[in-house]
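A.B. asks: One structure, pasted below without further comment.
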Amino acid sequence: MSKINIILDCDPGHDDAIALLLSCYSDKLNLLAVTTSSGNQTIEKTSKNALNLLNFFNKNVPLAKGSPTPLKRKVMICPEIHGESGLDGFIFPNYEEKYDSREGYQLIIDTLLSNEHVTVVTTGPMTNLAKAILHNREILKHIDEIVLMGGSTGKGNITEYSEFNILVDPEAADICFKSGVPLRMLGLNVTRKILVREKIVEEASKINTKGSDLFVKLMKVFNENQRSFFSLEAGPLHDPATIISLIDPTVFTFEDMLVEIDTSESEKAGQTRCKKSTITNCKVATSVDIDKYWEIIFDHLRRCK
Ligand code: RIB
Ligand code: CA
């Protein structure tokens, strides 16, 4: 079975970090490039975190900083959950700061044009992918699928209606959802069921690799912040759902739906309206096998030596 080519566009971010680990250590995926978005923290901080993580994973792939702002709206960050650094809880060695000279959207364009088949994974606001589409629609025929963590078939997390990644840049999400490229949406309706409970952290701590050490230290801070900000019993590990859906699609069930993005200035801005329809654009995750999810996470923590 040939590997799936992926580009990961992310805003690390504690859960993005684990999605990146899976991308680097899976033998089913070929990580072609990483781009960063302004989301959990500013572009400078999410980019620095992505650089630290790629060095920590000894993964040599192009990394480009993405757009410092959403397409139209103001920057919105989330230090309450991810801390001042955007990845509080783990101290990395001092790595050389080396980024690709292109902006994120240009690296996405160039990577797509030089590969026939690529799956683009976004785990933050979709600004970079939208900018790439706006600059060069030729790329669309090179994208087999857009797999995103974002949205929800039900309630949001930042507002009653909207999930963070979509709310930060609804216009960008709208461009992606209307691009004609098939989408696969891992939304809060499934990801909020995937909680990093104490027993998960304990089990991870017994793995004794550098990957499990990173996981345990990051999740302790992530959980503390999720408890105090969202009064959740533990943090939902949202972003790895995208990568796990590629590693083993049977972990989730999906329903074909028509998903439309609310780009108004109303209280519903950023809502993902998911409807059953004869015309569909998105496979929407509707359930998750939580035991399988954690099995895959632990398997990849073991590989990160
Ligand atoms: O709403 C959850 C999403 O927002 C996750 O991707 C998290 O990392 C933040 O970006
Ligand atoms: Ca994220």
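Letters A, B, ... mark the chains of the structure tokens in the order given; residue numbers begin at 1 per chain; ligand numbers begin at 1, in order shown.
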Would you please extract all strand (DSSP E) residues from stretch 109-281 of chain A, as assigned by DSSP on the backbone, and give them as a ChimeraX atom specification?
C.D. replies: /A:118-122,143-149,183-186,252-261,272-275
A.B. asks: List as JSON lines every residue of chain A that is in contact with ligand 1, defined as an atom at most 8 Å from one of its atoms (using only C-alpha atoms and all ligand atoms), together with the nearest atom pair and the distance in Å rounded to one decimal, sorted by chain and then rising number.
C.D. replies:
```
{"residue": "A:Cys10", "atom": "CA", "partner": "ligand 1", "partner_atom_place_in_ligand_line": "10 (O)", "distance": 7.7}
{"residue": "A:Asp11", "atom": "CA", "partner": "ligand 1", "partner_atom_place_in_ligand_line": "10 (O)", "distance": 6.0}
{"residue": "A:Pro12", "atom": "CA", "partner": "ligand 1", "partner_atom_place_in_ligand_line": "8 (O)", "distance": 6.6}
{"residue": "A:Gly13", "atom": "CA", "partner": "ligand 1", "partner_atom_place_in_ligand_line": "8 (O)", "distance": 5.1}
{"residue": "A:His14", "atom": "CA", "partner": "ligand 1", "partner_atom_place_in_ligand_line": "8 (O)", "distance": 6.6}
{"residue": "A:Asp15", "atom": "CA", "partner": "ligand 1", "partner_atom_place_in_ligand_line": "8 (O)", "distance": 5.3}
{"residue": "A:Asp16", "atom": "CA", "partner": "ligand 1", "partner_atom_place_in_ligand_line": "8 (O)", "distance": 5.5}
{"residue": "A:Gly39", "atom": "CA", "partner": "ligand 1", "partner_atom_place_in_ligand_line": "10 (O)", "distance": 5.9}
{"residue": "A:Asn40", "atom": "CA", "partner": "ligand 1", "partner_atom_place_in_ligand_line": "10 (O)", "distance": 5.3}
{"residue": "A:Cys78", "atom": "CA", "partner": "ligand 1", "partner_atom_place_in_ligand_line": "9 (C)", "distance": 7.8}
{"residue": "A:Thr123", "atom": "CA", "partner": "ligand 1", "partner_atom_place_in_ligand_line": "6 (O)", "distance": 4.7}
{"residue": "A:Gly124", "atom": "CA", "partner": "ligand 1", "partner_atom_place_in_ligand_line": "10 (O)", "distance": 4.5}
{"residue": "A:Pro125", "atom": "CA", "partner": "ligand 1", "partner_atom_place_in_ligand_line": "10 (O)", "distance": 7.0}
{"residue": "A:Met149", "atom": "CA", "partner": "ligand 1", "partner_atom_place_in_ligand_line": "6 (O)", "distance": 5.9}
{"residue": "A:Gly150", "atom": "CA", "partner": "ligand 1", "partner_atom_place_in_ligand_line": "1 (O)", "distance": 6.2}
{"residue": "A:Gly151", "atom": "CA", "partner": "ligand 1", "partner_atom_place_in_ligand_line": "1 (O)", "distance": 7.6}
{"residue": "A:Asn157", "atom": "CA", "partner": "ligand 1", "partner_atom_place_in_ligand_line": "1 (O)", "distance": 6.4}
{"residue": "A:Ile158", "atom": "CA", "partner": "ligand 1", "partner_atom_place_in_ligand_line": "1 (O)", "distance": 7.6}
{"residue": "A:Glu163", "atom": "CA", "partner": "ligand 1", "partner_atom_place_in_ligand_line": "1 (O)", "distance": 5.1}
{"residue": "A:Phe164", "atom": "CA", "partner": "ligand 1", "partner_atom_place_in_ligand_line": "1 (O)", "distance": 4.4}
{"residue": "A:Asn165", "atom": "CA", "partner": "ligand 1", "partner_atom_place_in_ligand_line": "4 (O)", "distance": 5.0}
{"residue": "A:Leu188", "atom": "CA", "partner": "ligand 1", "partner_atom_place_in_ligand_line": "1 (O)", "distance": 7.0}
{"residue": "A:His238", "atom": "CA", "partner": "ligand 1", "partner_atom_place_in_ligand_line": "5 (C)", "distance": 5.6}
{"residue": "A:Asp239", "atom": "CA", "partner": "ligand 1", "partner_atom_place_in_ligand_line": "6 (O)", "distance": 5.2}
```
A.B. asks: List the spatial neighbours of A:Ala173 as a PyMOL selection string - criterion: any atom at most 10 Å away, only C-alpha atoms, same-chain residues fewer than 6 positions off excluded.
C.D. replies: chain A and resi 125-127+129-130+148+150-151+165-167+179+260-263+270+272
A.B. asks: Could you build a table of the residues in stretch 5-89 of chain A lying no more than 10 Å from stretch 278-299 of chain A, giving for each the nearest pair of atoms and their separation in Å rounded to one decimal place, using only C-alpha atoms, ordered by chain and ascending residue number, as JSON lines?
C.D. replies:
```
{"residue": "A:Ile18", "atom": "CA", "partner": "A:Ile297", "partner_atom": "CA", "distance": 8.2}
{"residue": "A:Ala19", "atom": "CA", "partner": "A:Ile297", "partner_atom": "CA", "distance": 9.2}
{"residue": "A:Leu21", "atom": "CA", "partner": "A:Ile297", "partner_atom": "CA", "distance": 9.2}
{"residue": "A:Leu22", "atom": "CA", "partner": "A:Ile297", "partner_atom": "CA", "distance": 7.4}
{"residue": "A:Tyr25", "atom": "CA", "partner": "A:Asp299", "partner_atom": "CA", "distance": 9.7}
{"residue": "A:Ser26", "atom": "CA", "partner": "A:Asp299", "partner_atom": "CA", "distance": 9.5}
```
A.B. asks: Using DSSP on the backbone coordinates, identify the residues of stretch 42-257 of chain A assigned to helix (DSSP H, G or I); present them as a VMD selection string.
C.D. replies: chain A and resid 43 to 56 79 to 82 104 to 113 127 to 135 137 to 142 164 to 168 170 to 177 188 to 191 198 to 205 210 to 230 240 to 247 249 to 251
A.B. asks: List as a compact mmCIF listing (two decimals) with C-alpha atoms, in the first residue's frame the protein and nucleic acid residues near A:Ile77, meaning an atom at most 10 Å away when only C-alpha atoms are counted, but skip any in the same chain fewer than 3 places from it.
C.D. replies:
```txt
# COMPACT_ATOMS: atom_id res chain seq x y z
CA SER A 38 -1.98 32.02 13.70
CA GLY A 39 -4.51 30.44 16.04
CA ASN A 40 -3.66 28.99 19.43
CA GLN A 41 -0.92 31.60 19.60
CA THR A 42 0.62 34.24 17.32
CA ILE A 43 2.27 33.08 14.10
CA LYS A 74 -8.74 40.29 13.67
CA GLU A 80 -5.87 30.29 28.23
CA ILE A 81 -5.52 26.73 26.92
CA HIS A 82 -2.06 26.62 25.32
CA GLY A 86 1.49 28.21 22.84
CA PHE A 164 -12.31 27.96 17.37
CA VAL A 168 -10.94 32.59 13.73
```
A.B. asks: Which one of A:Ser85, A:Thr46, A:Asn5, A:Asn208 sits closest to A:Thr111 if you count only C-alpha atoms?
C.D. replies: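 Among the listed residues, A:Asn5 lies closest to A:Thr111.
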A.B. asks: What's the 8 Å shell around A:Ile7, counting only C-alpha atoms, without same-chain residues fewer than 5 positions away, as number ranges by chain?
C.D. replies: A: 31-35, 108, 118-121
A.B. asks: My list of candidates is A:Asp110, A:Lys220, A:Leu51, A:Val147. Which is closest to A:Pro249 when distances are computed with only C-alpha atoms?
C.D. replies: A:Val147
A.B. asks: Which neighbours of A:Lys48 fall inside 8 Å, counting only C-alpha atoms, when residues of the same chain fewer than 4 positions from it are skipped, and could you give them as a list in words?
C.D. replies: Glu44, Asn52 and Glu97 of chain A
A.B. asks: Considering only C-alpha atoms and all ligand atoms, state which residue in the set A:Val251, A:Ile6, A:Leu140, A:Leu237 is at the smallest distance from ligand 2.
C.D. replies: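 Among A:Val251, A:Ile6, A:Leu140, A:Leu237, it is A:Leu237 that comes nearest to ligand 2.
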A.B. asks: Given only C-alpha atoms and all ligand atoms as the basis, pick out the residue of A:Asn225, A:Asn128, A:Thr122, A:Asn94 nearest to ligand 2.
C.D. replies: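 For ligand 2, the nearest of the given residues is A:Thr122.
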A.B. asks: Could you give me, as a ChimeraX atom specification, the residues within 6 Å of A:Tyr161, counting only C-alpha atoms and dropping anything in the same chain fewer than 6 positions from it?
C.D. replies: /A:155,268,271
A.B. asks: What would the file look like if the residues just selected were written as a compact mmCIF listing (two decimals), in the first residue's frame with C-alpha atoms?
C.D. replies:
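As a result, again-v2.txt now contains:
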```
# COMPACT_ATOMS: atom_id res chain seq x y z
CA LYS A 155 -22.48 23.19 19.76
CA LYS A 268 -23.48 32.62 14.48
CA GLN A 271 -20.92 28.08 12.57
```
A.B. asks: Measuring between only C-alpha atoms and all ligand atoms, which one of A:Leu134, A:Cys176, A:Leu186, A:Ala269 shows the shortest distance to ligand 2?
C.D. replies: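 Checking each of A:Leu134, A:Cys176, A:Leu186, A:Ala269 against ligand 2, counting only C-alpha atoms and all ligand atoms, the winner is A:Leu186.
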A.B. asks: Kindly give the distance, in Å, that separates atom CA of A:Met76 and atom CA of A:Asn223, rounded to a single decimal.
C.D. replies: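 That distance, rounded to one decimal, is 21.2 Å.
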A.B. asks: Could you tell me how far atom CA of A:Lys28 lies from atom CA of A:Ile247, in Å and to one decimal?
C.D. replies: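 Interatomic distance here is 6.3 Å.
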